[in-house]
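Novice: Please read through the structure below; I'll follow up with questions.
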Amino acid sequence: MFVILNSFRSLYFATTLMLLGSGLLSTYLALRVATTADGLWVGALMTANYLGLVLGGNLGHRLISRVGHIRAYVACAGVVTAAVLGHGMVDWLPAWLLLRLLIGICTMCQYMVIESWLNEQSSAEQRGQVFSGYMGASYLGLILGQLVLVLHPELNLQLLMLVGLCYALCLVPVALTHKLHPAKLHPAPLEPRFFIKRVPLSLITIAMAGMMVGSFYGLAPLYATRMDLPTEEVGLFMGSCIFAGLVVQWPLGWLSDRRDRIWLIGRCGMLLAGVALPLAVLPSAPIWLLFVAGFLVCILQFSLYPLAVALANDHVDAERRVSLTAMLLLTFGIGASLGPLLAGVLMRFIGPNMLYAFVMACALVVAWRVQPRRATHLHQVEDAPLHHIPMPDSTSSSPLAAALDPRVDEQIAQEQMQHAGPPPQTADQADRTVERPPA
């Protein structure tokens, strides 16, 4: 496995730098805005970022098809670097919204370049390990981005310069890589009506997960600040919560392959509502409760997306897997765009604890709607449940994520064998068949 991971070290390093900058920028902007404005603006900034990620899927395909992978990546990294530094030149919040939208669009294009490259250069047997390395690099970058605040708690322009430095440096390993240029991209078609009828429970879960995860990345720093945590402790709080999302992935995969996924999603929603209850009802909480409850909440809320993705893949044939991933990420992006706005309004007019009241409400919707009795299993793929693959939390994924899923190749191979028919007869077999007397 080390040989496989070492062969993609340049792309993993670029991913780590990107997510380090992205995670640090989100927390930095939330803390900066919290000193001059309210939670509504913080939520709006995160909404603009996720809206950019949603729009970037289609625009990224066009850009990569027109100028190629390396040029598209270098151009987007340059634009993001300029947009990051633009936050330090302009203090007008509406301008920050436009900058966050632009960053989201270009960042999605960067994700698409890296994921298509990993898919192009990895075989079907290696793809699970390659994807695990990509996920690890993504979470590592997010965690390191929060830990920077522990070492540098002052919210000055140096942090913005560090974010810009990360985005500028991430283009170096991609521009200098010796890997072959990936093939031309083809946009994945969206079939919303088909997927709404085929996998409604997965779409409901992913929409609620998007609302919770988007609200967490956008408003959790503001919540921690309102709980009187200093900047360095806000970084530790965010880092521990993101680390919870990484820790849960592998045990979640083991459990997902052995229990009914609909049952797991429903129980996860119930547990999440219960764990979020103390933080939802307490206007202030001791630091130990913030860290313990926040860690447990993130373990559960980061479990919903991969469970729903695995459940959806169980009920969709292989030829629609890439389209399915595009639909799931679009649903997640819509939820992540709406969640910070709704939670931000609640936090502004009621109090900071409304962030976890909002999480609790979303979890109750999941527990209420996603139940085994609502599933018919009429369209379940043969030999399902499919093997669970740990997934990123969708802040570091594009519509090409399905291409890295080894289940797609396995299912396509099975279907090709089924449709190929019996093997051709040899001449000797044909002669024996002809010479056999009639019954």
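Ligands are numbered from 1 in the order shown, chains are lettered A, B, ... in the order of the structure tokens, and residues start at 1 in each chain.
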I want to know what sits within 10 Å of Pro286 (chain A), based on only C-alpha atoms, with residues of the same chain fewer than 3 positions away left out; could you give that as a list of chain:residue names?

Specialist: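 Within the cut-off, the hits are A:Met227, A:Asp228, A:Leu282, A:Leu289, A:Leu290, A:Phe291.
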
Novice: Can you spit out the residues from that selection as a PDB file, in the first residue's frame, using C-alpha atoms?

Specialist:
ATOM      1  CA  MET A 227     -19.295  30.341  24.491  1.00  0.00           C
ATOM      2  CA  ASP A 228     -16.338  32.580  25.473  1.00  0.00           C
ATOM      3  CA  LEU A 282     -28.021  25.280  27.452  1.00  0.00           C
ATOM      4  CA  LEU A 289     -19.184  19.545  27.724  1.00  0.00           C
ATOM      5  CA  LEU A 290     -18.492  21.552  24.566  1.00  0.00           C
ATOM      6  CA  PHE A 291     -15.628  19.289  23.555  1.00  0.00           C
TER       7      PHE A 291
END

Novice: Sorted by chain and rising residue number, which residues of region 56-92 of chain A lie within 12 Å of region 314-329 of chain A, and what are their closest atom pairs and distances in Å to one decimal, counting only C-alpha atoms, as CSV?

Specialist:
residue,atom,partner,partner_atom,distance
A:Gly56,CA,A:Leu329,CA,11.6
A:Gly57,CA,A:Ala326,CA,8.5
A:Asn58,CA,A:Ala326,CA,10.1

Novice: Neighbours of Ser26 (chain A) within 10 Å (only C-alpha atoms; same-chain residues fewer than 2 positions away dropped), as a ChimeraX atom specification?

Specialist: /A:21-24,28-31,42,45-46,49,100,145-146,217-219,221

Novice: Using CA of Phe295 (chain A) and CA of Ser240 (chain A) as the two end points, give the distance in Å to one decimal.

Specialist: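 Separation of CA of Phe295 (chain A) and CA of Ser240 (chain A): 6.5 Å.
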
Novice: CA of Gly239 (chain A) and CA of Cys109 (chain A), how far apart in Å?

Specialist: 25.7 Å

Novice: Mind running region 141-227 of chain A against region 4-18 of chain A at 9 Å and telling me each contacting residue's nearest atom pair with the distance in Å (one decimal), counting only C-alpha atoms, chain and number ascending, as CSV?

Specialist:
residue,atom,partner,partner_atom,distance
A:Gly141,CA,A:Thr16,CA,4.3
A:Leu142,CA,A:Thr16,CA,7.8
A:Leu144,CA,A:Thr16,CA,8.8
A:Val163,CA,A:Met18,CA,8.8
A:Cys166,CA,A:Leu17,CA,5.3
A:Tyr167,CA,A:Met18,CA,5.8
A:Leu169,CA,A:Leu17,CA,7.5
A:Cys170,CA,A:Ala14,CA,4.5
A:Leu171,CA,A:Ala14,CA,6.9
A:Val172,CA,A:Ala14,CA,7.9
A:Pro173,CA,A:Ser10,CA,5.1
A:Val174,CA,A:Leu11,CA,6.4
A:Leu176,CA,A:Ser10,CA,8.7
A:Thr177,CA,A:Ser10,CA,6.7
A:Lys179,CA,A:Phe8,CA,8.9

Novice: Keeping only N, CA and C atoms, write those residues as a PDB file, in the first residue's frame.

Specialist:
ATOM      1  N   GLY A 141      -5.593  17.838   5.966  1.00  0.00           N
ATOM      2  CA  GLY A 141      -5.550  19.258   5.673  1.00  0.00           C
ATOM      3  C   GLY A 141      -6.550  20.052   6.489  1.00  0.00           C
ATOM      4  N   LEU A 142      -7.778  19.538   6.621  1.00  0.00           N
ATOM      5  CA  LEU A 142      -8.794  20.240   7.409  1.00  0.00           C
ATOM      6  C   LEU A 142      -8.377  20.374   8.868  1.00  0.00           C
ATOM      7  N   LEU A 144      -5.251  20.246  10.148  1.00  0.00           N
ATOM      8  CA  LEU A 144      -4.107  21.138  10.269  1.00  0.00           C
ATOM      9  C   LEU A 144      -4.534  22.601  10.146  1.00  0.00           C
ATOM     10  N   VAL A 163      -3.152  31.354   4.127  1.00  0.00           N
ATOM     11  CA  VAL A 163      -4.133  30.680   3.273  1.00  0.00           C
ATOM     12  C   VAL A 163      -3.760  30.867   1.804  1.00  0.00           C
ATOM     13  N   CYS A 166      -0.887  28.647   0.889  1.00  0.00           N
ATOM     14  CA  CYS A 166      -1.264  27.241   0.675  1.00  0.00           C
ATOM     15  C   CYS A 166      -1.833  27.027  -0.715  1.00  0.00           C
ATOM     16  N   TYR A 167      -2.725  27.925  -1.151  1.00  0.00           N
ATOM     17  CA  TYR A 167      -3.323  27.781  -2.473  1.00  0.00           C
ATOM     18  C   TYR A 167      -2.300  28.029  -3.581  1.00  0.00           C
ATOM     19  N   LEU A 169       0.982  27.344  -3.323  1.00  0.00           N
ATOM     20  CA  LEU A 169       1.912  26.217  -3.328  1.00  0.00           C
ATOM     21  C   LEU A 169       1.265  24.924  -3.814  1.00  0.00           C
ATOM     22  N   CYS A 170      -0.061  24.800  -3.677  1.00  0.00           N
ATOM     23  CA  CYS A 170      -0.701  23.547  -4.075  1.00  0.00           C
ATOM     24  C   CYS A 170      -0.644  23.325  -5.583  1.00  0.00           C
ATOM     25  N   LEU A 171      -0.409  24.383  -6.355  1.00  0.00           N
ATOM     26  CA  LEU A 171      -0.319  24.190  -7.799  1.00  0.00           C
ATOM     27  C   LEU A 171       1.049  23.648  -8.225  1.00  0.00           C
ATOM     28  N   VAL A 172       2.051  23.760  -7.347  1.00  0.00           N
ATOM     29  CA  VAL A 172       3.398  23.324  -7.716  1.00  0.00           C
ATOM     30  C   VAL A 172       3.463  21.813  -7.948  1.00  0.00           C
ATOM     31  N   PRO A 173       3.007  20.957  -6.988  1.00  0.00           N
ATOM     32  CA  PRO A 173       3.096  19.510  -7.249  1.00  0.00           C
ATOM     33  C   PRO A 173       2.254  19.052  -8.429  1.00  0.00           C
ATOM     34  N   VAL A 174       1.152  19.740  -8.718  1.00  0.00           N
ATOM     35  CA  VAL A 174       0.333  19.360  -9.870  1.00  0.00           C
ATOM     36  C   VAL A 174       1.008  19.783 -11.170  1.00  0.00           C
ATOM     37  N   LEU A 176       4.162  20.160 -11.724  1.00  0.00           N
ATOM     38  CA  LEU A 176       5.430  19.466 -11.946  1.00  0.00           C
ATOM     39  C   LEU A 176       5.298  17.945 -11.934  1.00  0.00           C
ATOM     40  N   THR A 177       4.084  17.412 -11.764  1.00  0.00           N
ATOM     41  CA  THR A 177       3.929  15.964 -11.701  1.00  0.00           C
ATOM     42  C   THR A 177       4.319  15.322 -13.030  1.00  0.00           C
ATOM     43  N   LYS A 179       3.021  12.452 -13.933  1.00  0.00           N
ATOM     44  CA  LYS A 179       1.925  11.576 -14.330  1.00  0.00           C
ATOM     45  C   LYS A 179       1.389  11.950 -15.710  1.00  0.00           C
TER      46      LYS A 179
END

Novice: For Gly39 (chain A), please output as JSON, numbers by chain all residues within 12 Å (counting only C-alpha atoms; exclusion window: fewer than 5 positions along the same chain).

Specialist: {"A": [29, 30, 31, 32, 33, 34, 44, 45, 46, 215, 218, 219, 220, 221, 222, 223, 225, 226, 340, 341, 342, 343, 344, 345, 346, 347, 348, 349, 350, 351, 352, 353, 354, 355]}

Novice: Go ahead and save the residues from that selection, with C-alpha atoms, as a compact mmCIF listing (two decimals), in the first residue's frame.

Specialist:
# COMPACT_ATOMS: atom_id res chain seq x y z
CA LEU A 29 -13.75 34.43 8.24
CA ALA A 30 -16.30 33.18 10.77
CA LEU A 31 -14.24 34.56 13.67
CA ARG A 32 -13.51 37.83 11.87
CA VAL A 33 -17.14 38.45 10.99
CA ALA A 34 -18.25 37.51 14.51
CA ALA A 44 -24.30 33.77 4.29
CA LEU A 45 -20.55 33.47 3.70
CA MET A 46 -20.67 29.70 4.04
CA SER A 215 -23.90 24.90 9.44
CA GLY A 218 -19.80 28.02 8.90
CA LEU A 219 -21.20 28.62 12.37
CA ALA A 220 -19.40 26.35 14.85
CA PRO A 221 -16.52 28.87 15.18
CA LEU A 222 -19.08 31.58 15.93
CA TYR A 223 -20.81 29.31 18.45
CA THR A 225 -16.74 32.28 20.34
CA ARG A 226 -20.13 33.01 21.88
CA PRO A 340 -26.01 28.10 7.42
CA LEU A 341 -28.60 30.73 6.49
CA LEU A 342 -31.39 29.11 8.51
CA ALA A 343 -29.19 28.38 11.51
CA GLY A 344 -27.65 31.85 11.28
CA VAL A 345 -31.08 33.50 11.52
CA LEU A 346 -31.93 31.39 14.59
CA MET A 347 -28.62 32.23 16.25
CA ARG A 348 -29.11 35.93 15.58
CA PHE A 349 -32.57 36.23 17.11
CA ILE A 350 -32.55 33.54 19.81
CA GLY A 351 -29.02 32.63 20.79
CA PRO A 352 -25.88 30.69 19.84
CA ASN A 353 -27.27 27.42 21.21
CA MET A 354 -29.71 27.44 18.27
CA LEU A 355 -26.92 25.96 16.15

Novice: Find, counting only C-alpha atoms, the residue in A:Ser284, A:Leu201, A:Val297, A:Glu233 that gets nearest to Val248 (chain A).

Specialist: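 Among A:Ser284, A:Leu201, A:Val297, A:Glu233, it is A:Val297 that comes nearest to Val248 (chain A).
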
Novice: Mind checking DSSP for region 162-244 of chain A and telling me the alpha helix (DSSP H) residues as a PDB file with C-alpha atoms, in the first residue's frame?

Specialist:
ATOM      1  CA  LEU A 162      -0.903  31.784   4.972  1.00  0.00           C
ATOM      2  CA  VAL A 163      -4.133  30.680   3.273  1.00  0.00           C
ATOM      3  CA  GLY A 164      -3.024  32.348   0.048  1.00  0.00           C
ATOM      4  CA  LEU A 165       0.376  30.686   0.416  1.00  0.00           C
ATOM      5  CA  CYS A 166      -1.264  27.241   0.675  1.00  0.00           C
ATOM      6  CA  TYR A 167      -3.323  27.781  -2.473  1.00  0.00           C
ATOM      7  CA  ALA A 168      -0.310  29.139  -4.346  1.00  0.00           C
ATOM      8  CA  LEU A 169       1.912  26.217  -3.328  1.00  0.00           C
ATOM      9  CA  LEU A 171      -0.319  24.190  -7.799  1.00  0.00           C
ATOM     10  CA  VAL A 172       3.398  23.324  -7.716  1.00  0.00           C
ATOM     11  CA  PRO A 173       3.096  19.510  -7.249  1.00  0.00           C
ATOM     12  CA  VAL A 174       0.333  19.360  -9.870  1.00  0.00           C
ATOM     13  CA  ALA A 175       2.218  21.464 -12.403  1.00  0.00           C
ATOM     14  CA  PRO A 192     -33.393  14.148 -10.783  1.00  0.00           C
ATOM     15  CA  ARG A 193     -36.815  12.576 -11.372  1.00  0.00           C
ATOM     16  CA  PHE A 194     -35.372   9.098 -11.655  1.00  0.00           C
ATOM     17  CA  PHE A 195     -33.280   9.399  -8.488  1.00  0.00           C
ATOM     18  CA  ILE A 196     -36.062  11.063  -6.479  1.00  0.00           C
ATOM     19  CA  LYS A 197     -38.238   8.006  -7.171  1.00  0.00           C
ATOM     20  CA  ARG A 198     -35.455   5.437  -6.820  1.00  0.00           C
ATOM     21  CA  PRO A 200     -35.745   9.129  -1.815  1.00  0.00           C
ATOM     22  CA  LEU A 201     -34.496   8.067   1.629  1.00  0.00           C
ATOM     23  CA  SER A 202     -30.882   8.675   0.631  1.00  0.00           C
ATOM     24  CA  LEU A 203     -31.706  12.106  -0.781  1.00  0.00           C
ATOM     25  CA  ILE A 204     -33.560  13.119   2.405  1.00  0.00           C
ATOM     26  CA  THR A 205     -30.619  11.978   4.534  1.00  0.00           C
ATOM     27  CA  ILE A 206     -28.061  13.780   2.379  1.00  0.00           C
ATOM     28  CA  ALA A 207     -30.081  17.004   2.324  1.00  0.00           C
ATOM     29  CA  MET A 208     -30.271  16.993   6.136  1.00  0.00           C
ATOM     30  CA  ALA A 209     -26.586  16.049   6.392  1.00  0.00           C
ATOM     31  CA  GLY A 210     -25.738  18.954   4.093  1.00  0.00           C
ATOM     32  CA  MET A 211     -27.656  21.377   6.307  1.00  0.00           C
ATOM     33  CA  MET A 212     -25.861  20.126   9.412  1.00  0.00           C
ATOM     34  CA  VAL A 213     -22.352  19.951   7.935  1.00  0.00           C
ATOM     35  CA  GLY A 214     -22.673  23.334   6.212  1.00  0.00           C
ATOM     36  CA  SER A 215     -23.899  24.903   9.442  1.00  0.00           C
ATOM     37  CA  PHE A 216     -21.058  23.284  11.374  1.00  0.00           C
ATOM     38  CA  TYR A 217     -18.252  24.573   9.131  1.00  0.00           C
ATOM     39  CA  GLY A 218     -19.801  28.022   8.899  1.00  0.00           C
ATOM     40  CA  LEU A 219     -21.205  28.625  12.373  1.00  0.00           C
ATOM     41  CA  ALA A 220     -19.401  26.350  14.848  1.00  0.00           C
ATOM     42  CA  PRO A 221     -16.521  28.871  15.184  1.00  0.00           C
ATOM     43  CA  LEU A 222     -19.084  31.584  15.933  1.00  0.00           C
ATOM     44  CA  TYR A 223     -20.810  29.310  18.454  1.00  0.00           C
ATOM     45  CA  ALA A 224     -17.515  28.556  20.206  1.00  0.00           C
ATOM     46  CA  THR A 225     -16.736  32.277  20.338  1.00  0.00           C
ATOM     47  CA  ARG A 226     -20.131  33.013  21.883  1.00  0.00           C
ATOM     48  CA  THR A 231      -9.221  31.773  19.402  1.00  0.00           C
ATOM     49  CA  GLU A 232      -6.739  28.984  20.140  1.00  0.00           C
ATOM     50  CA  GLU A 233      -9.434  26.937  21.915  1.00  0.00           C
ATOM     51  CA  VAL A 234     -11.801  27.552  19.000  1.00  0.00           C
ATOM     52  CA  GLY A 235      -9.149  25.973  16.774  1.00  0.00           C
ATOM     53  CA  LEU A 236      -8.860  22.985  19.115  1.00  0.00           C
ATOM     54  CA  PHE A 237     -12.633  22.627  19.224  1.00  0.00           C
ATOM     55  CA  MET A 238     -12.936  22.655  15.427  1.00  0.00           C
ATOM     56  CA  GLY A 239      -9.952  20.343  15.020  1.00  0.00           C
ATOM     57  CA  SER A 240     -11.322  17.772  17.467  1.00  0.00           C
ATOM     58  CA  CYS A 241     -14.727  17.832  15.757  1.00  0.00           C
ATOM     59  CA  ILE A 242     -13.218  17.301  12.300  1.00  0.00           C
ATOM     60  CA  PHE A 243     -10.992  14.553  13.721  1.00  0.00           C
ATOM     61  CA  ALA A 244     -14.187  12.830  14.905  1.00  0.00           C
TER      62      ALA A 244
END

Novice: Given the choices A:Val366, A:Ala72, A:Ala48, A:Leu55, which gets closest to Ala95 (chain A) if the distance is worked out from only C-alpha atoms?

Specialist: A:Ala48

Novice: Between A:Leu118, A:Val148, A:Trp41, A:Ser65, which one has atoms that come closest to Gly133 (chain A), using only C-alpha atoms?

Specialist: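 That would be A:Leu118, the residue with the smallest distance to Gly133 (chain A).
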
Novice: Give me the residues near Gln110 (chain A) as a PyMOL selection string, where near means some atom within 8 Å (using only C-alpha atoms) and where sequence neighbours in that chain fewer than 6 positions away do not count.

Specialist: chain A and resi 72-73+76-77

Novice: Would you compute the distance between CA of Gln126 (chain A) and CA of Leu190 (chain A)? Give it in Å to one decimal.

Specialist: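 Between these atoms lies a distance of 28.0 Å.
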
Novice: Considering only C-alpha atoms, state which residue in the set A:Leu140, A:Met108, A:Ala336, A:Val281 is at the smallest distance from Val247 (chain A).

Specialist: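 The shortest atom-to-atom distance to Val247 (chain A) comes from A:Leu140.
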
Novice: Determine the nearest neighbour of Ala312 (chain A) from the options A:Ala357, A:Val199, A:Met112, A:Leu252, counting only C-alpha atoms.

Specialist: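 Looking at the shortest contact to Ala312 (chain A), the residue is A:Val199.
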